[in-house]
Every structure is written in C-alpha cells, then in structure tokens.
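Source file: final-v2.txt; contents: compact mmCIF, C-alpha atoms.
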```txt
# COMPACT_ATOMS: atom_id res chain seq x y z
CA MET A 1 48.21 -45.04 178.97
CA GLY A 2 50.99 -46.92 180.68
CA PHE A 3 50.93 -49.53 178.01
CA ILE A 4 51.28 -46.90 175.26
CA LYS A 5 54.13 -45.23 177.07
CA ALA A 6 55.87 -48.55 177.55
CA PHE A 7 55.35 -49.41 173.89
CA LEU A 8 56.64 -46.11 172.64
CA LYS A 9 59.63 -46.28 174.96
CA LYS A 10 60.42 -49.81 173.83
CA TYR A 11 59.98 -49.18 170.07
CA SER A 12 60.93 -45.51 169.87
CA ALA A 13 63.75 -46.34 167.47
CA LEU A 14 61.22 -47.59 164.94
CA LEU A 15 59.08 -44.49 164.93
CA PRO A 16 61.11 -42.53 162.32
CA PRO A 17 61.10 -45.34 159.73
CA ILE A 18 57.42 -45.94 160.37
CA GLY A 19 56.75 -42.23 159.90
CA LEU A 20 58.72 -42.19 156.71
CA LEU A 21 56.82 -45.24 155.50
CA LEU A 22 53.50 -43.61 156.23
CA PHE A 23 54.65 -40.44 154.55
CA ALA A 24 55.77 -42.42 151.51
CA LEU A 25 52.46 -44.19 151.37
CA LEU A 26 50.71 -40.86 151.50
CA LEU A 27 52.88 -39.52 148.66
CA LEU A 28 52.46 -42.58 146.40
CA PRO A 29 49.04 -41.71 144.84
CA PRO A 30 50.03 -38.14 143.97
CA THR A 31 53.30 -39.47 142.56
CA TRP A 32 51.49 -41.97 140.37
CA TRP A 33 49.13 -39.26 139.17
CA VAL A 34 51.93 -36.82 138.45
CA GLY A 35 54.01 -39.56 136.79
CA GLY A 36 51.17 -40.56 134.49
CA LYS A 37 50.65 -36.96 133.55
CA VAL A 38 54.36 -36.44 132.88
CA LYS A 39 54.48 -39.66 130.85
CA ALA A 40 51.57 -38.49 128.73
CA GLN A 41 53.23 -35.13 128.21
CA MET A 42 56.48 -36.86 127.24
CA ALA A 43 54.65 -39.06 124.76
CA GLN A 44 52.98 -36.00 123.31
CA SER A 45 56.33 -34.23 123.11
CA VAL A 46 57.89 -37.23 121.37
CA GLY A 47 55.02 -37.29 118.87
CA GLN A 48 55.39 -33.59 118.22
CA ALA A 49 59.12 -34.02 117.75
CA GLN A 50 58.54 -36.79 115.21
CA THR A 51 56.01 -34.63 113.38
CA ILE A 52 58.43 -31.73 113.32
CA ARG A 53 61.22 -33.97 112.00
CA SER A 54 58.87 -35.29 109.30
CA LEU A 55 57.84 -31.78 108.31
CA MET A 56 61.45 -30.68 108.28
CA ALA A 57 62.24 -33.53 105.88
CA ASP A 58 59.45 -32.32 103.55
CA VAL A 59 60.42 -28.69 103.61
CA PRO A 60 61.54 -27.83 100.05
CA PRO A 61 64.88 -26.22 99.49
CA ARG A 62 64.98 -22.47 99.31
CA ASP A 63 65.25 -22.55 95.49
CA THR A 64 62.31 -24.95 94.97
CA PRO A 65 59.70 -22.25 94.19
CA ALA A 66 61.95 -21.00 91.40
CA GLN A 67 62.33 -24.56 90.11
CA ILE A 68 58.56 -25.04 90.15
CA GLN A 69 58.13 -21.80 88.23
CA THR A 70 60.72 -22.94 85.68
CA TYR A 71 58.87 -26.25 85.25
CA MET A 72 55.53 -24.49 84.77
CA ASP A 73 57.12 -22.09 82.29
CA ARG A 74 58.49 -25.07 80.38
CA LEU A 75 55.05 -26.64 80.21
CA GLU A 76 53.61 -23.37 79.00
CA ASN A 77 56.35 -23.11 76.37
CA GLU A 78 55.59 -26.66 75.22
CA VAL A 79 51.93 -25.77 74.76
CA THR A 80 52.96 -22.68 72.81
CA LEU A 81 55.34 -24.78 70.69
CA ILE A 82 52.65 -27.37 69.96
CA ASP A 83 50.21 -24.63 68.93
CA ALA A 84 52.89 -23.16 66.67
CA LEU A 85 53.64 -26.55 65.10
CA ILE A 86 49.94 -27.14 64.46
CA GLU A 87 49.64 -23.76 62.80
CA GLN A 88 52.84 -24.24 60.80
CA SER A 89 51.75 -27.67 59.58
CA SER A 90 49.67 -25.99 56.87
CA GLN A 91 52.25 -23.29 56.18
CA ARG A 92 54.15 -24.98 53.41
CA GLU A 93 55.98 -24.03 50.26
CA LEU A 94 53.77 -23.09 47.33
CA ILE A 95 54.15 -23.81 43.65
CA ALA A 96 53.52 -20.11 42.98
CA TYR A 97 53.16 -17.08 45.26
CA ASN A 98 51.28 -14.84 42.84
CA ILE A 99 47.99 -16.74 42.76
CA PHE A 100 46.60 -17.16 46.30
CA PRO A 101 44.25 -15.95 47.66
CA GLU A 102 43.53 -14.38 44.27
CA PRO A 103 45.63 -14.04 41.14
CA LYS A 104 47.79 -10.95 40.93
CA ASP A 105 47.50 -11.05 37.15
CA THR A 106 44.35 -11.56 35.11
CA SER A 107 46.28 -13.24 32.30
CA SER A 108 45.77 -16.96 31.80
CA GLN A 109 49.52 -17.30 31.36
CA ILE A 110 50.13 -17.38 35.12
CA PHE A 111 48.09 -20.60 35.28
CA VAL A 112 50.04 -22.09 32.40
CA GLU A 113 53.27 -21.27 34.24
CA TYR A 114 51.80 -22.72 37.42
CA GLY A 115 51.12 -25.97 35.58
CA LYS A 116 54.68 -26.17 34.27
CA SER A 117 56.07 -25.59 37.77
CA TYR A 118 53.71 -28.22 39.13
CA MET A 119 54.92 -30.85 36.69
CA ARG A 120 58.53 -29.99 37.52
CA ALA A 121 57.76 -30.46 41.23
CA VAL A 122 56.30 -33.93 40.54
CA ASP A 123 59.26 -34.85 38.36
CA ALA A 124 61.61 -33.73 41.16
CA MET A 125 59.79 -36.03 43.61
CA LEU A 126 60.26 -38.98 41.29
CA THR A 127 63.92 -38.13 40.84
CA SER A 128 64.36 -38.03 44.60
CA LEU A 129 62.74 -41.47 44.79
CA ASN A 130 64.98 -42.79 42.00
CA ALA A 131 61.77 -43.89 40.34
CA LEU A 132 60.77 -44.90 36.83
CA ASP A 133 58.02 -47.10 35.51
CA ALA A 134 58.50 -50.44 33.80
CA PRO A 135 59.47 -50.25 30.13
CA SER A 136 56.62 -49.09 27.93
CA GLU A 137 55.45 -50.80 24.77
CA ALA A 138 57.07 -48.06 22.70
CA GLU A 139 60.35 -48.41 24.58
CA ILE A 140 60.34 -52.18 24.17
CA ARG A 141 59.79 -51.89 20.43
CA ALA A 142 62.50 -49.26 20.12
CA ARG A 143 65.05 -51.23 22.18
CA THR A 144 64.30 -54.78 21.06
CA GLY A 145 62.50 -54.44 17.74
CA THR A 146 59.60 -56.48 19.13
CA GLY A 147 56.64 -56.13 21.45
CA ARG A 148 55.98 -57.96 24.68
CA THR A 149 54.53 -61.43 24.40
CA THR A 150 51.29 -60.85 26.29
CA THR A 151 48.73 -58.11 26.70
CA PRO A 152 46.90 -56.86 29.80
CA ALA A 153 43.80 -58.73 30.82
CA VAL A 154 40.48 -57.55 29.47
CA ARG A 155 37.65 -56.31 31.62
CA GLY A 156 36.16 -59.72 32.34
CA GLY A 157 39.34 -61.08 33.91
CA MET A 158 40.21 -58.16 36.19
CA ASP A 159 38.96 -57.68 39.71
CA PHE A 160 38.33 -54.48 41.69
CA TYR A 161 41.96 -54.10 42.79
CA GLY A 162 43.43 -54.56 39.33
CA GLN A 163 44.42 -58.18 39.83
CA THR A 164 43.83 -60.62 37.01
CA GLY A 165 43.69 -64.34 36.61
CA ALA A 166 45.39 -64.21 33.22
CA ARG A 167 49.01 -65.36 33.39
CA ARG A 168 51.85 -64.52 31.08
CA PRO A 169 53.38 -67.38 29.11
CA ALA A 170 56.19 -69.25 30.80
CA ALA A 171 58.52 -68.33 27.93
CA GLN A 172 59.08 -64.63 27.38
CA ASP A 173 61.24 -62.90 24.80
CA PRO A 174 64.74 -62.90 26.37
CA MET A 175 65.41 -59.37 25.09
CA VAL A 176 62.23 -58.06 26.73
CA ASP A 177 63.06 -59.88 29.93
CA ALA A 178 66.60 -58.46 29.94
CA LEU A 179 65.25 -54.94 29.41
CA CYS A 180 62.81 -55.34 32.32
CA ILE A 181 65.53 -56.70 34.60
CA ALA A 182 67.88 -53.86 33.65
CA ARG A 183 65.16 -51.33 34.51
CA ALA A 184 64.54 -52.94 37.91
CA GLU A 185 68.27 -52.92 38.65
CA SER A 186 68.61 -49.20 37.86
CA ILE A 187 65.79 -47.78 40.01
CA SER A 188 64.66 -47.99 43.64
CA VAL A 189 60.90 -48.02 43.07
CA TYR A 190 58.46 -48.17 40.18
CA ALA A 191 56.46 -44.99 39.70
CA ASN A 192 55.56 -42.58 36.95
CA PRO A 193 54.09 -39.05 36.91
CA SER A 194 50.62 -40.38 36.11
CA VAL A 195 50.27 -41.92 39.59
CA PHE A 196 49.72 -38.29 40.64
CA ALA A 197 46.55 -37.33 38.75
CA TRP A 198 47.18 -33.59 38.88
CA HIS A 199 50.40 -33.97 36.87
CA ASP A 200 48.47 -35.15 33.84
CA PHE A 201 45.77 -32.53 34.44
CA TRP A 202 48.30 -29.71 34.16
CA LYS A 203 49.96 -31.44 31.22
CA GLU A 204 46.67 -31.18 29.34
CA PHE A 205 45.50 -27.94 30.99
CA LYS A 206 43.01 -25.79 29.13
CA PHE A 207 42.00 -22.42 30.56
CA GLU A 208 38.28 -22.37 31.43
CA GLY A 209 38.11 -19.10 33.33
CA THR A 210 39.95 -17.47 36.22
CA GLU A 211 37.79 -18.84 39.04
CA SER A 212 37.95 -22.40 37.72
CA ALA A 213 41.72 -22.17 37.27
CA LEU A 214 42.09 -20.71 40.77
CA ARG A 215 40.22 -23.67 42.25
CA ASP A 216 42.40 -26.05 40.26
CA CYS A 217 45.56 -24.38 41.53
CA TRP A 218 44.43 -24.62 45.15
CA ASN A 219 43.18 -28.20 44.94
CA SER A 220 46.30 -29.40 43.18
CA GLN A 221 48.50 -27.56 45.71
CA ILE A 222 46.82 -29.36 48.63
CA ALA A 223 47.16 -32.61 46.72
CA LEU A 224 50.87 -31.93 46.17
CA TRP A 225 51.52 -31.56 49.91
CA ILE A 226 49.98 -34.99 50.40
CA TYR A 227 51.88 -36.42 47.43
CA GLU A 228 55.10 -35.14 49.02
CA ASP A 229 54.38 -36.84 52.34
CA VAL A 230 53.70 -40.14 50.58
CA ALA A 231 56.91 -39.77 48.56
CA LYS A 232 58.95 -38.92 51.67
CA SER A 233 57.59 -42.03 53.38
CA ILE A 234 58.61 -44.24 50.46
CA GLU A 235 62.02 -42.57 50.28
CA ALA A 236 62.60 -43.18 54.00
CA MET A 237 61.59 -46.84 53.64
CA ASN A 238 63.89 -47.39 50.64
CA VAL A 239 66.89 -45.47 51.94
CA GLY A 240 70.11 -47.25 51.00
CA SER A 241 68.49 -49.32 48.25
CA ASP A 242 69.40 -48.69 44.61
CA LYS A 243 67.36 -51.44 43.01
CA VAL A 244 63.79 -52.65 43.25
CA SER A 245 64.68 -56.14 44.48
CA THR A 246 66.19 -54.75 47.72
CA SER A 247 63.64 -51.98 48.28
CA PRO A 248 60.87 -52.55 50.85
CA VAL A 249 58.44 -50.48 48.75
CA LYS A 250 58.52 -51.83 45.21
CA ARG A 251 55.98 -49.74 43.38
CA LEU A 252 53.75 -46.73 43.95
CA LEU A 253 50.41 -47.48 42.33
CA GLY A 254 48.87 -44.10 43.02
CA VAL A 255 47.30 -41.54 45.33
CA SER A 256 43.59 -40.81 44.90
CA PHE A 257 41.07 -38.47 46.53
CA THR A 258 37.95 -39.77 44.83
CA GLY A 259 37.97 -43.49 45.53
CA PRO A 260 40.30 -46.47 45.68
CA VAL A 261 43.43 -46.33 43.53
CA GLN A 262 42.75 -47.94 40.17
CA VAL A 263 45.44 -49.67 38.10
CA GLY A 264 44.91 -51.02 34.61
CA ASP A 265 43.86 -50.03 31.13
CA SER A 266 41.02 -47.79 30.00
CA ARG A 267 38.54 -50.69 30.10
CA GLN A 268 39.09 -51.00 33.85
CA SER A 269 38.62 -47.26 34.37
CA ALA A 270 35.33 -47.44 32.49
CA MET A 271 34.26 -50.35 34.68
CA TYR A 272 35.14 -48.33 37.79
CA ARG A 273 33.02 -45.38 36.68
CA GLU A 274 30.15 -47.74 35.95
CA MET A 275 30.43 -49.32 39.40
CA ILE A 276 30.06 -45.97 41.18
CA GLY A 277 27.33 -44.69 38.93
CA GLY A 278 29.44 -42.26 36.95
CA ARG A 279 30.34 -40.23 40.03
CA ALA A 280 34.10 -40.52 39.89
CA GLY A 281 35.62 -37.25 41.05
CA GLN A 282 38.32 -37.06 38.40
CA THR A 283 36.20 -34.84 36.19
CA SER A 284 38.27 -33.54 33.27
CA GLY A 285 41.34 -35.03 34.88
CA ARG A 286 40.76 -33.31 38.22
CA ASP A 287 41.24 -35.27 41.42
CA ASN A 288 39.91 -32.73 43.91
CA PRO A 289 40.79 -33.26 47.58
CA ASN A 290 38.00 -35.03 49.42
CA TYR A 291 37.23 -32.40 52.07
CA VAL A 292 35.09 -33.90 54.83
CA THR A 293 32.67 -31.73 56.82
CA THR A 294 29.25 -32.28 58.34
CA ALA A 295 27.79 -31.30 54.96
CA LEU A 296 30.41 -32.99 52.74
CA PRO A 297 30.66 -36.77 53.11
CA SER A 298 33.75 -38.91 52.74
CA MET A 299 34.16 -40.71 49.44
CA PHE A 300 35.61 -43.70 51.29
CA MET A 301 33.61 -44.51 54.42
CA ASP A 302 30.57 -43.51 56.43
CA LYS A 303 32.07 -43.30 59.92
CA PRO A 304 35.85 -42.92 60.21
CA TRP A 305 37.16 -44.14 63.56
CA THR A 306 38.62 -40.69 64.29
CA GLY A 307 35.18 -39.10 64.04
CA ARG A 308 36.78 -35.91 62.73
CA THR A 309 35.19 -33.50 60.30
CA GLY A 310 36.35 -30.11 59.13
CA GLY A 311 35.28 -27.13 61.18
CA THR A 312 36.52 -24.00 62.90
CA ASP A 313 40.05 -25.22 63.56
CA TYR A 314 40.81 -27.79 60.86
CA ASP A 315 40.14 -28.88 57.33
CA VAL A 316 39.94 -32.66 57.00
CA VAL A 317 40.87 -34.42 53.75
CA HIS A 318 40.48 -38.14 53.00
CA PHE A 319 42.60 -39.89 50.41
CA ALA A 320 43.73 -43.34 49.29
CA VAL A 321 47.25 -44.55 48.60
CA SER A 322 48.30 -47.92 47.21
CA VAL A 323 51.72 -49.54 46.92
CA ILE A 324 53.29 -52.88 46.05
CA ILE A 325 55.43 -53.75 49.05
CA ASP A 326 57.61 -56.49 50.47
CA ASN A 327 55.26 -58.40 52.77
CA ARG A 328 57.69 -58.00 55.69
CA TYR A 329 57.42 -54.21 55.66
CA VAL A 330 53.67 -53.56 55.63
CA LEU A 331 53.43 -52.33 59.23
CA ALA A 332 56.72 -50.44 58.96
CA PHE A 333 55.42 -48.48 55.96
CA MET A 334 52.19 -47.65 57.77
CA ARG A 335 54.18 -46.32 60.72
CA GLU A 336 56.43 -44.31 58.42
CA LEU A 337 53.46 -42.79 56.62
CA CYS A 338 52.13 -41.51 59.96
CA SER A 339 55.51 -40.29 61.20
CA GLU A 340 56.76 -36.74 61.69
CA LYS A 341 58.17 -35.01 58.60
CA GLU A 342 60.08 -31.80 58.05
CA HIS A 343 59.14 -28.94 55.75
CA ALA A 344 60.22 -25.42 54.91
CA PHE A 345 58.02 -22.36 54.45
CA TYR A 346 58.26 -18.64 53.94
CA GLU A 347 56.95 -16.53 56.77
CA ASN A 348 53.51 -15.11 55.89
CA PHE A 349 53.79 -16.92 52.53
CA ASP A 350 56.08 -14.15 51.34
CA PRO A 351 58.96 -15.45 49.20
CA GLY A 352 60.87 -12.30 50.07
CA GLY A 353 60.57 -13.04 53.77
CA ARG A 354 62.39 -15.38 56.10
CA LEU A 355 62.56 -19.08 55.19
CA ASN A 356 61.61 -21.14 58.24
CA ARG A 357 61.75 -24.85 58.95
CA SER A 358 59.17 -26.80 60.89
CA ARG A 359 57.74 -30.28 61.39
CA HIS A 360 54.35 -31.78 60.68
CA ASN A 361 52.53 -35.02 61.37
CA GLN A 362 49.14 -34.86 59.67
CA ILE A 363 48.29 -38.38 58.45
CA SER A 364 46.09 -40.92 60.24
CA ILE A 365 45.28 -44.28 58.66
CA LEU A 366 41.55 -44.97 58.65
CA HIS A 367 41.51 -48.33 56.88
CA ASN A 368 43.96 -50.82 55.41
CA ALA A 369 43.66 -53.83 53.15
CA VAL A 370 46.36 -56.23 51.97
CA HIS A 371 46.15 -58.42 48.87
CA VAL A 372 48.53 -61.05 47.54
CA VAL A 373 50.21 -60.08 44.27
CA ASP A 374 50.51 -62.71 41.57
CA LYS A 375 53.81 -61.68 40.01
CA ASP A 376 53.09 -63.90 37.00
CA SER A 377 49.87 -62.11 36.09
CA ALA A 378 49.72 -60.06 32.91
CA LEU A 379 49.22 -56.89 34.93
CA HIS A 380 52.73 -57.28 36.40
CA GLU A 381 54.33 -58.76 33.32
CA LEU A 382 56.94 -56.05 32.84
CA TYR A 383 57.73 -55.54 36.53
CA ARG A 384 60.49 -57.34 38.42
CA TYR A 385 59.86 -57.11 42.17
CA GLY A 386 62.55 -59.54 43.33
CA SER A 387 62.34 -63.10 44.57
CA GLY A 388 60.45 -62.43 47.81
CA ALA A 389 56.69 -62.31 48.37
CA VAL A 390 55.06 -58.95 47.71
CA MET A 391 51.66 -57.58 48.65
CA ARG A 392 49.41 -54.83 47.44
CA LEU A 393 48.70 -52.49 50.35
CA ASP A 394 45.64 -50.23 50.02
CA LEU A 395 45.20 -47.50 52.61
CA VAL A 396 42.53 -44.91 53.28
CA CYS A 397 44.00 -41.99 55.19
CA GLU A 398 42.98 -38.75 56.85
CA TYR A 399 44.94 -35.51 56.51
CA LEU A 400 44.52 -32.55 58.89
CA LEU A 401 45.19 -28.95 57.86
CA SER A 402 45.14 -26.07 60.32
CA ARG A 403 42.87 -23.32 59.09
CA LYS A 404 44.67 -20.78 61.25
CA GLY A 405 47.86 -21.62 59.40
CA TYR A 406 46.71 -21.14 55.82
CA ASP A 407 43.30 -19.45 55.76
CA SER A 408 45.01 -16.18 54.92
CA ILE A 409 45.76 -17.51 51.42
CA LYS A 410 42.72 -19.75 50.95
CA PRO A 411 40.72 -18.53 47.92
CA GLU A 412 37.19 -17.33 48.52
CA PRO A 413 35.58 -20.00 46.28
CA ILE A 414 37.16 -22.69 48.47
CA LYS A 415 35.93 -21.00 51.64
CA LYS A 416 32.44 -20.88 50.17
CA TYR A 417 32.60 -24.55 49.30
CA LEU A 418 33.67 -25.43 52.85
CA GLY A 419 30.91 -23.27 54.36
CA GLN A 420 33.32 -20.80 55.94
CA LEU A 421 31.52 -17.73 54.69
CA ASP A 422 28.14 -16.41 55.69
CA GLU A 423 26.93 -16.37 52.10
CA GLN A 424 24.37 -18.95 51.03
CA GLN A 425 25.55 -22.05 49.18
CA THR A 426 24.93 -22.16 45.44
CA ASP A 427 21.87 -23.77 43.92
CA THR A 428 23.90 -26.91 43.32
CA GLY A 429 24.08 -27.49 47.08
CA GLY A 430 27.59 -26.14 47.50
CA THR A 431 29.25 -28.79 45.34
CA MET A 432 32.54 -27.60 43.94
CA PRO A 433 32.66 -27.78 40.15
CA GLY A 434 34.60 -30.85 39.22
CA ALA A 435 33.93 -32.50 42.58
CA PRO A 436 31.74 -35.59 43.04
CA ALA A 437 28.09 -35.07 43.76
CA GLY A 438 28.01 -37.71 46.47
CA ARG A 439 29.81 -40.64 48.06
CA GLY A 440 31.33 -43.25 45.85
CA GLY A 441 29.59 -46.07 47.64
CA PHE A 442 32.70 -47.76 49.08
CA SER A 443 31.89 -47.80 52.80
CA ASP A 444 33.40 -51.31 53.04
CA PHE A 445 36.58 -50.53 51.12
```
Before we go any further, please render this structure as structure tokens.
Amino acid sequence: MGFIKAFLKKYSALLPPIGLLLFALLLLPPTWWVGGKVKAQMAQSVGQAQTIRSLMADVPPRDTPAQIQTYMDRLENEVTLIDALIEQSSQRELIAYNIFPEPKDTSSQIFVEYGKSYMRAVDAMLTSLNALDAPSEAEIRARTGTGRTTTPAVRGGMDFYGQTGARRPAAQDPMVDALCIARAESISVYANPSVFAWHDFWKEFKFEGTESALRDCWNSQIALWIYEDVAKSIEAMNVGSDKVSTSPVKRLLGVSFTGPVQVGDSRQSAMYREMIGGRAGQTSGRDNPNYVTTALPSMFMDKPWTGRTGGTDYDVVHFAVSVIIDNRYVLAFMRELCSEKEHAFYENFDPGGRLNRSRHNQISILHNAVHVVDKDSALHELYRYGSGAVMRLDLVCEYLLSRKGYDSIKPEPIKKYLGQLDEQQTDTGGTMPGAPAGRGGFSDF
C-alpha cells in the first residue's frame, strides 16, 4: 500500500492525461462503428441525390404530354391521308359519266359518243407529248412523188421483238431522207394512236349489244388510265426537248394487256397469234385489261415477285409497255414510270360535284428486258433517233386499283368476272367475252 501511495503521490500529475487516454481508448470502437454507419448513410444519401438529379434531368417539360398527343394525332392523320390517297387512286376522270355502273340511256348512240370522246382523249395525249409517227408510205408518195427504197422484212427475217436482220440500202432517196429528218426535228417522240389498241377499236366500233358495249367502255376506261400514266412518264422524261434527237424517250412502241408489245406488219401479228396458239386477247380489236386473281392468271408470268392478286381491297392488272430509248436513260425511265403522279376527279363521280385533285402511284415493274436497236434495219428505216445508241426497253408492269375507290361505278358484269358477286360463274368458267381463255405462255418474257 505504501508503494502505491508513493507512486500516486509522485505521478499524480499524470493521472488526468492517463484517464483521458483510457477514456479515449474506450470511446474509439464506438466511434469507429458510428463513423462507418454515418459514412454508409452519407454514401447512400449521395447516391440518392445523384438518382434524384438524374430523374430531374429526365422529367419532361410541362407541355410534353400535349406535344406527344400532337405527334400521335399527326401519325393518325398521316394514316388517314394514306388511306384517302389509296382510295382516291382509282377515283379518276371518266370519258363519260352516263354509262357506269349501267347506261342511263338504252340507245346505242351513247356508246358511239363514248368512242368519239375516247379517241379525242388519246389524240390529246399525243398532242401533249408532241408526238407523231414517222412519215407513212402515202405521205411519202404525196410529198416526194416516190416511195421509200426498201420494204419491211418478211416473216422469216423478223424475231420476236420485231427486230430484223434485213438492212436498208446505204443510199436512200434524198427527198425521203429529208422528209424523215424534218419529221424527227418537229416532234419530241414517235407515237401514233394505234399504239393504244382501244383507239382503233372505237374507231371501228360496231354495236353488239348493251352488255358487251358496257364491258368495252369499262375495259377501255381502265386501259386509258394506264395509257395516261405511261404518257405522263414519257412527257416528264422528254420535258424541254422539242426534237427526237434530244429526247431521252425516242419512240413509244405500244402498251399491251394481252402479251408483249408487237411491232411490225400483219405477217408478224399472224406469227404472234400462231406462237401463242391463237389465244391473243385482242379479240375484235379489244385489248382487255389483264386482271389477275387467284382464278385468273397473268398473261405474262407465273409468279410475279410482288405476289399480289386481286381480292377484297384491290384489283390487280398486268400490262406491257415498250419504248425506244436513249441507252443512258433506261433506269431513269423505269423510276419515272413508278413515280407519283397527279390526277383530278369529281367527288362521287358526279360531274356536277366538286372537282378534287389527288396523287397516285400505282405501277410496279415486274420484269424488264433491254435489246439493242439496229437503226439501219428496215423496221426503223423511216425513223431518225439521233446519233447516240438507242435500246428497246420492254417492261411488264403491275397496276393496283382500290376497289373501295371505284366499286360504286364498276358494272355488274365486271364484278361477276372478278368473282365479286355471290352468283355462280358462267358455264365458260367466268371468262369475259373477248378476253383470253388462258395464259399466253410467256413466263420467261
């Protein structure tokens, strides 16, 4: 005890620091524990703060819901507009408004007047194109007092596309040559009314009964819409050109719904009918639209790449078009043919109603073929295409028509033919009079 007292007395001044040290040592573990807990809470708080800042950055402005609604409304309006354009694509101007869906007059005269109006519409297209054909034999004789120096090739020397190995003589009558050059310098493209088969049909029209005439009116009207799109495409390609030599599209060879476009004399046409077994669709001059459904095959190919056939929403028509074209503009013409075009139409097909304007884009190219043109061949003897290389471009195309747009005026015989009515097909298997009985056998065209 004495030792302890002596020690405490001697080192009494150290007791407070020692006590504080011991106290600090006792407080250290709780401090570490509390500090770790506080640190963890701080880290959590920092993380929460960062999350809140991130969420605050993503919070849309107060007017964003209204903007979203506006955007959705715009999308809905676009869908509505597209539906309207699809419907309006087959709402086009008609040659006559007193015939569809059934004639308002039983007199055959309304069909005669329809034919006259049809021919005027074709002539107006050619005028818009600044188009004429090469001088005819009669014109050459009248202007020069002589005929041309060569004649078209006969059947044996002409191939499927109207090309021929026969060549015109190197020396041609200068007067004939001058007449041909003058013609080429005065027009933008070679074409004549006969490249549109229905023009000649109505020129030679003979009344065979109301139902037959009604079918002819409808089929030729559909054909005219397609003719117009082809003509507009050529006009757009040749804009600014007033002579054949500077025009990208040099010559329109024809538009056909019943097989490849044929060019040449009557011997070639006979050969064509023989090749397809007498099934050419231009019966009595008719070139009926090649409607394609599950029951009606295409005259051009077995399996189009689009895979489309007529049905509830659309009618599908296949056709061929052929032109002589500057070889540099082949792809450009194909793009133009498939481009958007404008048209006008009367609301509800009522000429007394409002005249509307719309746009349509109904052509798809199914197949194309290009062939070199021998400008020295007899087939092209009277044509002057210019100094550059030209090609013959043959296209098979598909045309879509919205049933919703024009079914209100579609004649009942056409609806029967397309299988739109519940009535049974006729004993002939539903084949429209004047239409081909089967495919033309050109799946590789």
Please identify all polymer residues within 9 Å of A:Cys338, counting all atoms listed in the file, omitting same-chain residues fewer than 5 positions from it, and present them as a list in words.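 Here the qualifying residues turn out to be Ser233, Phe333, Asn361, Gln362, Ile363, Ser364 and Ile365 of chain A.
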Using all atoms listed in the file for the distances, tell me which of A:Asn327, A:Thr246, A:Ser402, A:Asn219 is nearest to A:Asn288.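 Once distances to A:Asn288 are computed over all atoms listed in the file, the minimum belongs to A:Asn219.
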A:Val261, A:Leu331, A:Ile409, A:Ile414: which is nearest A:Ser90, counting only C-alpha atoms?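 Result for the nearest residue to A:Ser90: A:Ile409.
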Nearest to A:Glu93, restricted to only C-alpha atoms and choosing among A:Val390, A:Arg384, A:Lys416, A:Arg357, comes out as A:Arg357
Exercise: A:Ser117 partners within 8 Å, all atoms listed in the file, chain neighbours under 3 positions left out, as a count of residues only: 6
